[in-house]
Amino acid sequence: MVAQLDNKTQSTYNWLRTSRSTSETGTPIGLSSRDPPDAIRRGHARADAGAGPGEFVTGSPEKYGRLVTEWKTGRQTTACEAGASWEREYAELHQGMLNGAIEPRIVQYSLMGIMSSFTYSILTKRAFLISWEWPAPMDLIFDSPFLDWSTPYHPEDTNHTHPLFEKEGFAGGPHVVDAVNWGAGSVDDLMANELKTDWEGHPWVSFVANRGALYRSFAHAPHAASALHSLGLQPSTAYTCLFNYLLRPKADVANLLAQYSALFSLPEIFSIAIQIRTGDGSMWNSDADKDNTVARYQHYFTCASQLAASLALPSQKIIYYLVSDSEHLKLDALRTFPDQVVLTGIGASHVLEDQGPQQVWNTVDRLQDAVADSWAQGDVDAQIITNDSGFGKIHAFRRGREGTTISLPRQGGAPDCGMPDSLTSFRQLSEAWSLGKRRL
């Protein structure tokens with residue numbers, strides 16, 4: 001598809017691909033760090049002389065304007081406040097607690113709900129560590145642009161070895177907050193009541209959670225909402241700002257992703273991510289996967305066509321970035337829409353497919369494939385996701401753009417996706433799937 005671009009557009013694409021392959025990276029930490037460890041920083045910003053978007057010709061003036069800003073700054077534009085003071089202040093607090101310069105108060109996180117746990121750390125002025133070791137350590141999957149959130153451990157017994165945990169007050173272990181399968185009320189209470197909790201005085205708190213509270217905090221926790229606003233964070237963009245502050249893809253993955261984000265960012269292109277979750281059986285059984293066809297999921301592609309007709313400009317080329325756990329569906333879509341469908345070429349596989357001594361390293365490869373396949377959803381112009389899948393939902397929040405997402409069932413009909421009431425709001429996303437019952 002890139003080969004079909006004219007010379008000027010290809011020049012813009014090549015500039016973006018080269019620049020973002022470094023500017024969107026972080027620093028390896030923990031098990032991935034070098035010896036001695038590198039200073040933690042973002043990838044180098046590249047404002048290359050002679051490169052850039054050139055003169056505006058056609059397509060979206062808004063997207064062109066973002067590229068002009070990126071050319072001047074060397075970094076992709078975001079909805080986050082550039083150089084927000086809280087970023088530097090929290091990094092200093094975090095590092096001060098870990099090196100003993102400040103009396104330590106720690107939040108340790110595992111499982112899911114990472115942005116909610118991190119938000120709690122910021123608002124209660126605690127350092128933040130990630131102890132997610134299964135199915136593979138987090139620091140083998142992601143780098144960091146600002147903080148060393150890794151928790152060192154012995155591969156033989158997975159006991160944490162950070163000297164911080166040997167300090168007085170930590171010997172008895174953490175206060176564990178088990179938030180697995182919490183209901184909406186309990187999730188909202190986490191950030192409510194001026195952040196006063198039963199474990200407020202405990203120096204070491206460990207969250208085990210599969211629930212998210214960040215977006216809902218703005219509506220259901222006035223004290224937390226006020227604090228978040230004071231940091232320059234807004235309901236629709238807080239998730240993307242905190243996500244980009246905490247996590248970056250590994251360098252090899254970032255290099256691959258730059259090829260897709262560069263294409264999706266072109267003013268001449270209107271891109272729609274279509275995320276179709278068919279079920280784990282599609283990855284385990286190739287015969288069963290043959291049932292997954294464009295015809296079976298036609299409502300997704302019809303919706304994409306209607307959404308493009310509603311949001312895209314007449315001069316823009318419409319492309320579909322298809323993310324799915326079905327290899328058969330992806331190939332069928334490529335045959336059906338050869339001039340529109342874009343795939344990463346990464347095969348679908350379950351991250352827990354392998355067992356035995358090599359499981360961790362095989363899982364790392366699979367997780368990094370999953371990161372690459374799904375991360376690019378954050379750079380598209382609009383998104384259609386499966387309503388009972390977390391993968392699309394995460395990147396809808398990471399995109400931080402209200403009014404550009406539609407959530408559909410796996411089977412059944414779809415609304416007229418060209419109508420405004422077909423769009424799924426962030427409020428609706430925050431109430432669905434991961435919370436079970438909706439708050440009425």
# chains A, B, ... in the order shown; residues from 1 in each chain; ligands from 1
>>> residues_around(residues="stretch 328-345 of chain A", least_positions_apart="2", cutoff="9 Å", atoms="only C-alpha atoms", output="list in words")
Met1, Leu256, Leu257, Tyr260, Ser282, Ser286, Asp289, Lys290, Asp291, Asn292, Thr293, Val294, Tyr297, Lys317, Ile318, Ile319, Tyr320, Tyr321, Leu322, Val323, Ser324, Asp325, Ser326, Gly347, Ala372 and Asp373 of chain A
>>> atom_distance(atom1="atom CA of A:Ala171", atom2="atom CA of A:Asn193")
29.0 Å
>>> residues_around(residues="stretch 99-116 of chain A", least_positions_apart="3", cutoff="9 Å", atoms="only C-alpha atoms", output="ChimeraX atom specification")
/A:93-96,119-121,125-134,151,164,174,180,202-215,239,242-243,246
>>> residues_around(residues="stretch 223-238 of chain A", least_positions_apart="5", cutoff="12 Å", atoms="only C-alpha atoms", output="PyMOL selection string")
chain A and resi 78-90+115-116+118-125+188-196+213-218+243-245+395-404+425-427+429-430
>>> select_by_dssp(residues="stretch 10-115 of chain A", states="strand (DSSP E)", output="VMD selection string")
chain A and resid 106 to 111
>>> write_last_selection(atoms="N, CA, C and O atoms", output="tab-separated table (two decimals), in the first residue's frame")
chain	number	residue	atom	x	y	z
A	106	ILE	N	4.90	2.72	49.22
A	106	ILE	CA	4.96	2.00	47.95
A	106	ILE	C	3.58	1.46	47.57
A	106	ILE	O	2.83	0.98	48.42
A	107	VAL	N	3.26	1.54	46.29
A	107	VAL	CA	2.18	0.75	45.72
A	107	VAL	C	2.83	-0.25	44.78
A	107	VAL	O	3.59	0.12	43.88
A	108	GLN	N	2.53	-1.52	44.99
A	108	GLN	CA	3.03	-2.59	44.14
A	108	GLN	C	1.85	-3.19	43.40
A	108	GLN	O	0.80	-3.45	43.98
A	109	TYR	N	2.01	-3.38	42.12
A	109	TYR	CA	0.88	-3.75	41.28
A	109	TYR	C	1.14	-5.09	40.61
A	109	TYR	O	2.25	-5.42	40.23
A	110	SER	N	0.06	-5.88	40.46
A	110	SER	CA	0.14	-7.09	39.64
A	110	SER	C	-1.22	-7.32	38.99
A	110	SER	O	-2.23	-6.75	39.39
A	111	LEU	N	-1.23	-8.17	37.98
A	111	LEU	CA	-2.40	-8.52	37.19
A	111	LEU	C	-2.78	-7.37	36.26
A	111	LEU	O	-1.98	-6.97	35.43
>>> closest_residue(among="A:Asp416, A:Thr18, A:Ile274, A:Asp421", to="A:Gln377", atoms="only C-alpha atoms")
A:Ile274
>>> select_by_dssp(residues="stretch 188-219 of chain A", states="helix (DSSP H, G or I)", output="ChimeraX atom specification")
/A:188-191,193-195,214-219
>>> atom_distance(atom1="atom CA of A:Pro36", atom2="atom CA of A:Asp143")
16.1 Å
>>> closest_residue(among="A:His44, A:Asn387, A:Asp379, A:Asp38", to="A:Gln259", atoms="only C-alpha atoms")
A:Asp379
